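Colleague: Quick one, start38.txt (compact mmCIF, N, CA and C atoms):
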```
# COMPACT_ATOMS: atom_id res chain seq x y z
N MET O 1 -20.65 7.20 -22.29
CA MET O 1 -20.20 6.11 -21.44
C MET O 1 -18.87 5.59 -21.97
N ALA O 2 -17.92 5.42 -21.06
CA ALA O 2 -16.61 4.87 -21.43
C ALA O 2 -16.59 3.38 -21.12
N SER O 3 -15.74 2.68 -21.83
CA SER O 3 -15.55 1.26 -21.60
C SER O 3 -14.14 1.04 -21.06
N VAL O 4 -14.01 0.15 -20.08
CA VAL O 4 -12.71 -0.13 -19.46
C VAL O 4 -12.41 -1.62 -19.62
N THR O 5 -11.19 -1.93 -20.02
CA THR O 5 -10.74 -3.31 -20.13
C THR O 5 -9.67 -3.55 -19.08
N VAL O 6 -9.82 -4.62 -18.33
CA VAL O 6 -8.86 -4.96 -17.28
C VAL O 6 -8.32 -6.35 -17.57
N ARG O 7 -7.01 -6.48 -17.55
CA ARG O 7 -6.39 -7.79 -17.75
C ARG O 7 -6.04 -8.38 -16.38
N VAL O 8 -6.50 -9.59 -16.16
CA VAL O 8 -6.23 -10.29 -14.90
C VAL O 8 -6.25 -11.79 -15.20
N ASP O 9 -5.49 -12.54 -14.43
CA ASP O 9 -5.45 -13.99 -14.69
C ASP O 9 -6.81 -14.62 -14.40
N ASP O 10 -7.05 -15.75 -15.03
CA ASP O 10 -8.36 -16.41 -14.94
C ASP O 10 -8.76 -16.75 -13.51
N GLU O 11 -7.82 -17.27 -12.73
CA GLU O 11 -8.15 -17.66 -11.36
C GLU O 11 -8.59 -16.47 -10.52
N THR O 12 -7.87 -15.36 -10.64
CA THR O 12 -8.23 -14.16 -9.88
C THR O 12 -9.61 -13.68 -10.28
N LYS O 13 -9.88 -13.66 -11.58
CA LYS O 13 -11.20 -13.21 -12.05
C LYS O 13 -12.30 -14.12 -11.51
N GLU O 14 -12.10 -15.41 -11.59
CA GLU O 14 -13.12 -16.35 -11.12
C GLU O 14 -13.37 -16.20 -9.62
N ARG O 15 -12.30 -16.06 -8.85
CA ARG O 15 -12.45 -15.92 -7.40
C ARG O 15 -13.12 -14.60 -7.04
N ALA O 16 -12.71 -13.52 -7.73
CA ALA O 16 -13.32 -12.21 -7.48
C ALA O 16 -14.80 -12.23 -7.87
N ALA O 17 -15.11 -12.85 -9.00
CA ALA O 17 -16.51 -12.94 -9.43
C ALA O 17 -17.34 -13.72 -8.41
N GLY O 18 -16.78 -14.79 -7.87
CA GLY O 18 -17.50 -15.56 -6.86
C GLY O 18 -17.80 -14.75 -5.61
N ILE O 19 -16.84 -13.97 -5.17
CA ILE O 19 -17.04 -13.12 -3.99
C ILE O 19 -18.09 -12.06 -4.30
N ALA O 20 -17.98 -11.41 -5.47
CA ALA O 20 -18.96 -10.39 -5.85
C ALA O 20 -20.36 -10.99 -5.90
N GLU O 21 -20.47 -12.18 -6.49
CA GLU O 21 -21.77 -12.84 -6.59
C GLU O 21 -22.35 -13.18 -5.23
N ASP O 22 -21.49 -13.54 -4.27
CA ASP O 22 -21.98 -13.81 -2.91
C ASP O 22 -22.67 -12.59 -2.31
N PHE O 23 -22.26 -11.40 -2.75
CA PHE O 23 -22.87 -10.16 -2.28
C PHE O 23 -23.98 -9.68 -3.21
N GLY O 24 -24.25 -10.44 -4.27
CA GLY O 24 -25.31 -10.09 -5.19
C GLY O 24 -24.90 -9.12 -6.29
N PHE O 25 -23.60 -9.02 -6.56
CA PHE O 25 -23.10 -8.11 -7.59
C PHE O 25 -22.39 -8.89 -8.69
N ASP O 26 -22.19 -8.22 -9.82
CA ASP O 26 -21.29 -8.75 -10.84
C ASP O 26 -20.03 -7.88 -10.82
N LEU O 27 -18.98 -8.32 -11.53
CA LEU O 27 -17.72 -7.59 -11.49
C LEU O 27 -17.82 -6.18 -12.07
N SER O 28 -18.67 -6.00 -13.07
CA SER O 28 -18.84 -4.65 -13.63
C SER O 28 -19.41 -3.70 -12.59
N SER O 29 -20.38 -4.15 -11.82
CA SER O 29 -20.98 -3.30 -10.78
C SER O 29 -19.97 -2.95 -9.70
N VAL O 30 -19.16 -3.94 -9.32
CA VAL O 30 -18.14 -3.72 -8.30
C VAL O 30 -17.09 -2.72 -8.81
N THR O 31 -16.71 -2.86 -10.08
CA THR O 31 -15.73 -1.95 -10.66
C THR O 31 -16.28 -0.53 -10.71
N ARG O 32 -17.53 -0.37 -11.12
CA ARG O 32 -18.14 0.97 -11.14
C ARG O 32 -18.19 1.56 -9.73
N ALA O 33 -18.55 0.74 -8.75
CA ALA O 33 -18.59 1.21 -7.37
C ALA O 33 -17.21 1.64 -6.89
N PHE O 34 -16.18 0.89 -7.28
CA PHE O 34 -14.81 1.23 -6.90
C PHE O 34 -14.42 2.58 -7.50
N TYR O 35 -14.71 2.80 -8.78
CA TYR O 35 -14.40 4.08 -9.43
C TYR O 35 -15.13 5.23 -8.73
N ARG O 36 -16.41 5.01 -8.41
CA ARG O 36 -17.17 6.07 -7.73
C ARG O 36 -16.58 6.38 -6.36
N GLN O 37 -16.11 5.36 -5.66
CA GLN O 37 -15.49 5.57 -4.36
C GLN O 37 -14.20 6.37 -4.50
N ILE O 38 -13.41 6.10 -5.53
CA ILE O 38 -12.19 6.87 -5.79
C ILE O 38 -12.54 8.35 -5.94
N VAL O 39 -13.55 8.64 -6.73
CA VAL O 39 -13.95 10.02 -6.98
C VAL O 39 -14.52 10.65 -5.71
N ARG O 40 -15.39 9.95 -5.02
CA ARG O 40 -16.03 10.48 -3.81
C ARG O 40 -15.01 10.80 -2.72
N GLU O 41 -14.04 9.91 -2.52
CA GLU O 41 -13.07 10.07 -1.44
C GLU O 41 -11.80 10.80 -1.87
N ASN O 42 -11.67 11.02 -3.18
CA ASN O 42 -10.49 11.68 -3.74
C ASN O 42 -9.21 10.97 -3.32
N ARG O 43 -9.23 9.64 -3.37
CA ARG O 43 -8.07 8.82 -3.02
C ARG O 43 -8.28 7.43 -3.61
N ILE O 44 -7.24 6.61 -3.60
CA ILE O 44 -7.35 5.21 -4.00
C ILE O 44 -7.68 4.44 -2.72
N PRO O 45 -8.89 3.93 -2.60
CA PRO O 45 -9.32 3.29 -1.34
C PRO O 45 -8.80 1.86 -1.18
N LEU O 46 -7.49 1.74 -1.06
CA LEU O 46 -6.87 0.44 -0.86
C LEU O 46 -6.00 0.49 0.39
N ASN O 47 -5.90 -0.62 1.05
CA ASN O 47 -5.02 -0.73 2.21
C ASN O 47 -3.81 -1.52 1.75
N LEU O 48 -2.73 -0.82 1.45
CA LEU O 48 -1.52 -1.47 0.95
C LEU O 48 -0.52 -1.63 2.08
N SER O 49 -0.02 -2.83 2.25
CA SER O 49 0.98 -3.06 3.30
C SER O 49 1.80 -4.29 2.96
N TYR O 50 2.93 -4.39 3.60
CA TYR O 50 3.79 -5.55 3.44
C TYR O 50 3.55 -6.56 4.56
N GLY O 51 2.58 -6.29 5.40
CA GLY O 51 2.35 -7.17 6.54
C GLY O 51 3.24 -6.77 7.69
N GLU O 52 3.58 -7.69 8.52
CA GLU O 52 4.42 -7.42 9.69
C GLU O 52 5.87 -7.21 9.28
N PRO O 53 6.54 -6.22 9.91
CA PRO O 53 7.96 -6.03 9.61
C PRO O 53 8.78 -7.25 10.02
N ASN O 54 9.86 -7.50 9.30
CA ASN O 54 10.72 -8.63 9.65
C ASN O 54 11.60 -8.26 10.85
N GLY O 55 12.36 -9.20 11.34
CA GLY O 55 13.21 -9.00 12.51
C GLY O 55 14.21 -7.87 12.35
N GLU O 56 14.84 -7.80 11.19
CA GLU O 56 15.82 -6.73 10.94
C GLU O 56 15.17 -5.35 11.00
N SER O 57 13.98 -5.24 10.41
CA SER O 57 13.26 -3.96 10.43
C SER O 57 12.83 -3.59 11.85
N LEU O 58 12.34 -4.58 12.60
CA LEU O 58 11.92 -4.32 13.98
C LEU O 58 13.10 -3.84 14.82
N LYS O 59 14.26 -4.45 14.62
CA LYS O 59 15.47 -4.04 15.34
C LYS O 59 15.85 -2.61 14.99
N ALA O 60 15.82 -2.28 13.70
CA ALA O 60 16.16 -0.93 13.24
C ALA O 60 15.17 0.10 13.78
N LEU O 61 13.89 -0.24 13.82
CA LEU O 61 12.88 0.67 14.36
C LEU O 61 13.11 0.92 15.85
N ALA O 62 13.43 -0.15 16.60
CA ALA O 62 13.69 -0.01 18.03
C ALA O 62 14.91 0.88 18.26
N GLU O 63 15.96 0.66 17.46
CA GLU O 63 17.17 1.48 17.58
C GLU O 63 16.87 2.94 17.28
N ALA O 64 16.08 3.20 16.25
CA ALA O 64 15.73 4.58 15.89
C ALA O 64 14.92 5.25 17.00
N ARG O 65 13.98 4.50 17.59
CA ARG O 65 13.19 5.05 18.71
C ARG O 65 14.07 5.42 19.90
N GLN O 66 15.00 4.53 20.22
CA GLN O 66 15.91 4.80 21.33
C GLN O 66 16.78 6.02 21.06
N MET O 67 17.28 6.13 19.85
CA MET O 67 18.09 7.29 19.48
C MET O 67 17.27 8.58 19.58
N ALA O 68 16.03 8.52 19.12
CA ALA O 68 15.17 9.70 19.17
C ALA O 68 14.87 10.10 20.62
N GLU O 69 14.62 9.10 21.47
CA GLU O 69 14.35 9.38 22.88
C GLU O 69 15.55 10.03 23.56
N ARG O 70 16.75 9.62 23.17
CA ARG O 70 17.98 10.18 23.76
C ARG O 70 18.41 11.47 23.07
N GLY O 71 17.72 11.84 22.00
CA GLY O 71 18.08 13.04 21.25
C GLY O 71 19.34 12.88 20.44
N GLU O 72 19.67 11.65 20.10
CA GLU O 72 20.88 11.37 19.34
C GLU O 72 20.60 11.41 17.84
N SER O 73 21.67 11.62 17.09
CA SER O 73 21.60 11.59 15.65
C SER O 73 22.66 10.64 15.14
N ARG O 74 22.34 9.93 14.09
CA ARG O 74 23.30 8.99 13.51
C ARG O 74 24.39 9.73 12.73
N PHE O 75 24.06 10.92 12.25
CA PHE O 75 24.98 11.69 11.43
C PHE O 75 25.24 13.05 12.07
N GLU O 76 26.42 13.58 11.84
CA GLU O 76 26.79 14.89 12.37
C GLU O 76 26.27 16.03 11.50
N SER O 77 26.01 15.73 10.22
CA SER O 77 25.55 16.78 9.31
C SER O 77 24.73 16.14 8.19
N ALA O 78 24.01 16.99 7.48
CA ALA O 78 23.24 16.52 6.32
C ALA O 78 24.19 15.96 5.26
N GLU O 79 25.32 16.60 5.08
CA GLU O 79 26.29 16.12 4.09
C GLU O 79 26.74 14.69 4.43
N GLU O 80 26.99 14.42 5.70
CA GLU O 80 27.41 13.08 6.12
C GLU O 80 26.29 12.07 5.83
N MET O 81 25.05 12.46 6.07
CA MET O 81 23.92 11.58 5.80
C MET O 81 23.82 11.28 4.30
N PHE O 82 23.92 12.35 3.47
CA PHE O 82 23.84 12.16 2.03
C PHE O 82 24.98 11.28 1.52
N ASP O 83 26.16 11.45 2.08
CA ASP O 83 27.29 10.61 1.69
C ASP O 83 27.01 9.15 2.01
N ALA O 84 26.44 8.89 3.19
CA ALA O 84 26.12 7.52 3.59
C ALA O 84 25.06 6.91 2.68
N LEU O 85 24.17 7.75 2.18
CA LEU O 85 23.11 7.28 1.29
C LEU O 85 23.56 7.22 -0.17
N GLY O 86 24.75 7.74 -0.44
CA GLY O 86 25.26 7.71 -1.80
C GLY O 86 24.60 8.74 -2.70
N ILE O 87 24.15 9.81 -2.09
CA ILE O 87 23.46 10.86 -2.86
C ILE O 87 24.42 12.01 -3.11
```
Starting from the coordinates I provided, produce the structure as structure tokens.

Modeller:
Amino acid sequence: MASVTVRVDDETKERAAGIAEDFGFDLSSVTRAFYRQIVRENRIPLNLSYGEPNGESLKALAEARQMAERGESRFESAEEMFDALGI
């Protein structure tokens, strides 16, 4: 059996423990279940997101969709694209 130590601030631990207890678990049981889920699904079972895109991102996405629908390209060549990206 391996032992795992996790560092987390006190408030997060207390709130997480309260939620786990509401379901009848302790944090160790929840952690073991999380590890088993990682192994079973062969992935990290988290939903990571930044939330809703901001106005600038929404505008850029709309512009990209319109360009794609018209078959347009922002760059004439890959070299031009790399130059614009500073690569």

Colleague: Give the alpha helix (DSSP H) residues of region 15-54 of chain O, as assigned by DSSP on the backbone, as a PyMOL selection string.

Modeller: chain O and resi 15-22+27-41

Colleague: If I take atom N of Ala60 (chain O) and atom N of Leu46 (chain O), how far is one from the other in Å, to one decimal?

Modeller: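 Taking atom N of Ala60 (chain O) and atom N of Leu46 (chain O), their separation equals 27.9 Å.
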
Colleague: Find the residues around Asp26 (chain O) up to 10 Å (only C-alpha atoms counted), leave out those fewer than 6 positions away in its own chain, and share them as a short mmCIF file (atom, residue, chain, number, x, y, z; two decimals) with N, CA and C atoms, keeping the file's coordinate frame.

Modeller:
```
data_model
loop_
_atom_site.label_atom_id
_atom_site.label_comp_id
_atom_site.auth_asym_id
_atom_site.auth_seq_id
_atom_site.Cartn_x
_atom_site.Cartn_y
_atom_site.Cartn_z
N ALA O 16 -12.71 -13.52 -7.73
CA ALA O 16 -13.32 -12.21 -7.48
C ALA O 16 -14.80 -12.23 -7.87
N ALA O 17 -15.11 -12.85 -9.00
CA ALA O 17 -16.51 -12.94 -9.43
C ALA O 17 -17.34 -13.72 -8.41
N GLY O 18 -16.78 -14.79 -7.87
CA GLY O 18 -17.50 -15.56 -6.86
C GLY O 18 -17.80 -14.75 -5.61
N ILE O 19 -16.84 -13.97 -5.17
CA ILE O 19 -17.04 -13.12 -3.99
C ILE O 19 -18.09 -12.06 -4.30
N ALA O 20 -17.98 -11.41 -5.47
CA ALA O 20 -18.96 -10.39 -5.85
C ALA O 20 -20.36 -10.99 -5.90
#
```

Colleague: Separation of atom C of Thr12 (chain O) and atom C of Ile44 (chain O), in Å?

Modeller: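 Computing the Euclidean distance for atom C of Thr12 (chain O) and atom C of Ile44 (chain O) yields 19.7 Å.
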
Colleague: Hey, what's within 12 Å of Pro45 (chain O) if we count only C-alpha atoms and toss same-chain stuff fewer than 3 positions away? As JSON, numbers by chain, please?

Modeller: {"O": [33, 34, 35, 36, 37, 38, 39, 40, 41, 42, 48]}

Colleague: Report, in Å with one decimal, the straight-line distance from CA of Lys59 (chain O) to CA of Met81 (chain O).

Modeller: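 Pair CA of Lys59 (chain O) / CA of Met81 (chain O) returns 20.2 Å.
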
Colleague: Supply region 41-52 of chain O as a PDB file, in the frame of the given file, with all heavy atoms built in where the input has gaps.

Modeller:
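Generated output (selection.pdb):
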```pdb
ATOM      1  N   GLU O  41     -14.040   9.910  -2.520  1.00  0.00           N
ATOM      2  CA  GLU O  41     -13.070  10.070  -1.440  1.00  0.00           C
ATOM      3  C   GLU O  41     -11.800  10.800  -1.870  1.00  0.00           C
ATOM      4  O   GLU O  41     -10.964  11.131  -1.051  1.00  0.00           O
ATOM      5  CB  GLU O  41     -12.709   8.708  -0.855  1.00  0.00           C
ATOM      6  CG  GLU O  41     -13.893   8.023  -0.212  1.00  0.00           C
ATOM      7  CD  GLU O  41     -13.544   6.676   0.389  1.00  0.00           C
ATOM      8  OE1 GLU O  41     -12.336   6.362   0.517  1.00  0.00           O
ATOM      9  OE2 GLU O  41     -14.477   5.937   0.732  1.00  0.00           O
ATOM     10  N   ASN O  42     -11.670  11.020  -3.180  1.00  0.00           N
ATOM     11  CA  ASN O  42     -10.490  11.680  -3.740  1.00  0.00           C
ATOM     12  C   ASN O  42      -9.210  10.970  -3.320  1.00  0.00           C
ATOM     13  O   ASN O  42      -8.223  11.599  -2.914  1.00  0.00           O
ATOM     14  CB  ASN O  42     -10.457  13.158  -3.343  1.00  0.00           C
ATOM     15  CG  ASN O  42      -9.536  13.963  -4.214  1.00  0.00           C
ATOM     16  OD1 ASN O  42      -9.375  13.654  -5.387  1.00  0.00           O
ATOM     17  ND2 ASN O  42      -8.912  14.979  -3.658  1.00  0.00           N
ATOM     18  N   ARG O  43      -9.230   9.640  -3.370  1.00  0.00           N
ATOM     19  CA  ARG O  43      -8.070   8.820  -3.020  1.00  0.00           C
ATOM     20  C   ARG O  43      -8.280   7.430  -3.610  1.00  0.00           C
ATOM     21  O   ARG O  43      -9.373   7.092  -4.052  1.00  0.00           O
ATOM     22  CB  ARG O  43      -7.881   8.718  -1.514  1.00  0.00           C
ATOM     23  CG  ARG O  43      -8.965   7.907  -0.818  1.00  0.00           C
ATOM     24  CD  ARG O  43      -8.796   7.875   0.699  1.00  0.00           C
ATOM     25  NE  ARG O  43      -9.732   6.950   1.305  1.00  0.00           N
ATOM     26  CZ  ARG O  43      -9.489   5.670   1.573  1.00  0.00           C
ATOM     27  NH1 ARG O  43      -8.316   5.153   1.288  1.00  0.00           N
ATOM     28  NH2 ARG O  43     -10.403   4.913   2.121  1.00  0.00           N
ATOM     29  N   ILE O  44      -7.240   6.610  -3.600  1.00  0.00           N
ATOM     30  CA  ILE O  44      -7.350   5.210  -4.000  1.00  0.00           C
ATOM     31  C   ILE O  44      -7.680   4.440  -2.720  1.00  0.00           C
ATOM     32  O   ILE O  44      -6.842   4.345  -1.823  1.00  0.00           O
ATOM     33  CB  ILE O  44      -6.036   4.675  -4.608  1.00  0.00           C
ATOM     34  CG1 ILE O  44      -5.570   5.557  -5.772  1.00  0.00           C
ATOM     35  CG2 ILE O  44      -6.191   3.222  -5.027  1.00  0.00           C
ATOM     36  CD1 ILE O  44      -6.475   5.536  -6.969  1.00  0.00           C
ATOM     37  N   PRO O  45      -8.890   3.930  -2.600  1.00  0.00           N
ATOM     38  CA  PRO O  45      -9.320   3.290  -1.340  1.00  0.00           C
ATOM     39  C   PRO O  45      -8.800   1.860  -1.180  1.00  0.00           C
ATOM     40  O   PRO O  45      -9.554   0.904  -1.146  1.00  0.00           O
ATOM     41  CB  PRO O  45     -10.843   3.336  -1.429  1.00  0.00           C
ATOM     42  CG  PRO O  45     -11.109   3.272  -2.901  1.00  0.00           C
ATOM     43  CD  PRO O  45      -9.977   4.004  -3.562  1.00  0.00           C
ATOM     44  N   LEU O  46      -7.490   1.740  -1.060  1.00  0.00           N
ATOM     45  CA  LEU O  46      -6.870   0.440  -0.860  1.00  0.00           C
ATOM     46  C   LEU O  46      -6.000   0.490   0.390  1.00  0.00           C
ATOM     47  O   LEU O  46      -5.425   1.525   0.710  1.00  0.00           O
ATOM     48  CB  LEU O  46      -5.968   0.066  -2.053  1.00  0.00           C
ATOM     49  CG  LEU O  46      -6.642  -0.102  -3.408  1.00  0.00           C
ATOM     50  CD1 LEU O  46      -5.584  -0.325  -4.484  1.00  0.00           C
ATOM     51  CD2 LEU O  46      -7.618  -1.257  -3.384  1.00  0.00           C
ATOM     52  N   ASN O  47      -5.900  -0.620   1.050  1.00  0.00           N
ATOM     53  CA  ASN O  47      -5.020  -0.730   2.210  1.00  0.00           C
ATOM     54  C   ASN O  47      -3.810  -1.520   1.750  1.00  0.00           C
ATOM     55  O   ASN O  47      -3.856  -2.740   1.640  1.00  0.00           O
ATOM     56  CB  ASN O  47      -5.740  -1.443   3.359  1.00  0.00           C
ATOM     57  CG  ASN O  47      -4.882  -1.548   4.590  1.00  0.00           C
ATOM     58  OD1 ASN O  47      -3.790  -0.995   4.647  1.00  0.00           O
ATOM     59  ND2 ASN O  47      -5.378  -2.259   5.577  1.00  0.00           N
ATOM     60  N   LEU O  48      -2.730  -0.820   1.450  1.00  0.00           N
ATOM     61  CA  LEU O  48      -1.520  -1.470   0.950  1.00  0.00           C
ATOM     62  C   LEU O  48      -0.520  -1.630   2.080  1.00  0.00           C
ATOM     63  O   LEU O  48      -0.228  -0.681   2.798  1.00  0.00           O
ATOM     64  CB  LEU O  48      -0.892  -0.617  -0.159  1.00  0.00           C
ATOM     65  CG  LEU O  48      -1.807  -0.301  -1.337  1.00  0.00           C
ATOM     66  CD1 LEU O  48      -1.109   0.644  -2.301  1.00  0.00           C
ATOM     67  CD2 LEU O  48      -2.226  -1.569  -2.049  1.00  0.00           C
ATOM     68  N   SER O  49      -0.020  -2.830   2.250  1.00  0.00           N
ATOM     69  CA  SER O  49       0.980  -3.060   3.300  1.00  0.00           C
ATOM     70  C   SER O  49       1.800  -4.290   2.960  1.00  0.00           C
ATOM     71  O   SER O  49       1.415  -5.116   2.143  1.00  0.00           O
ATOM     72  CB  SER O  49       0.306  -3.240   4.651  1.00  0.00           C
ATOM     73  OG  SER O  49      -0.403  -4.462   4.698  1.00  0.00           O
ATOM     74  N   TYR O  50       2.930  -4.390   3.600  1.00  0.00           N
ATOM     75  CA  TYR O  50       3.790  -5.550   3.440  1.00  0.00           C
ATOM     76  C   TYR O  50       3.550  -6.560   4.560  1.00  0.00           C
ATOM     77  O   TYR O  50       4.265  -7.513   4.696  1.00  0.00           O
ATOM     78  CB  TYR O  50       5.267  -5.130   3.484  1.00  0.00           C
ATOM     79  CG  TYR O  50       5.721  -4.411   2.246  1.00  0.00           C
ATOM     80  CD1 TYR O  50       5.965  -3.053   2.276  1.00  0.00           C
ATOM     81  CD2 TYR O  50       5.914  -5.094   1.061  1.00  0.00           C
ATOM     82  CE1 TYR O  50       6.390  -2.387   1.143  1.00  0.00           C
ATOM     83  CE2 TYR O  50       6.334  -4.434  -0.072  1.00  0.00           C
ATOM     84  CZ  TYR O  50       6.570  -3.086  -0.026  1.00  0.00           C
ATOM     85  OH  TYR O  50       6.991  -2.429  -1.138  1.00  0.00           O
ATOM     86  N   GLY O  51       2.580  -6.290   5.400  1.00  0.00           N
ATOM     87  CA  GLY O  51       2.350  -7.170   6.540  1.00  0.00           C
ATOM     88  C   GLY O  51       3.240  -6.770   7.690  1.00  0.00           C
ATOM     89  O   GLY O  51       3.645  -5.617   7.833  1.00  0.00           O
ATOM     90  N   GLU O  52       3.580  -7.690   8.520  1.00  0.00           N
ATOM     91  CA  GLU O  52       4.420  -7.420   9.690  1.00  0.00           C
ATOM     92  C   GLU O  52       5.870  -7.210   9.280  1.00  0.00           C
ATOM     93  O   GLU O  52       6.387  -7.922   8.430  1.00  0.00           O
ATOM     94  CB  GLU O  52       4.329  -8.597  10.678  1.00  0.00           C
ATOM     95  CG  GLU O  52       2.961  -8.776  11.285  1.00  0.00           C
ATOM     96  CD  GLU O  52       2.544  -7.590  12.131  1.00  0.00           C
ATOM     97  OE1 GLU O  52       3.373  -7.073  12.912  1.00  0.00           O
ATOM     98  OE2 GLU O  52       1.385  -7.174  11.997  1.00  0.00           O
TER      99      GLU O  52
END
```
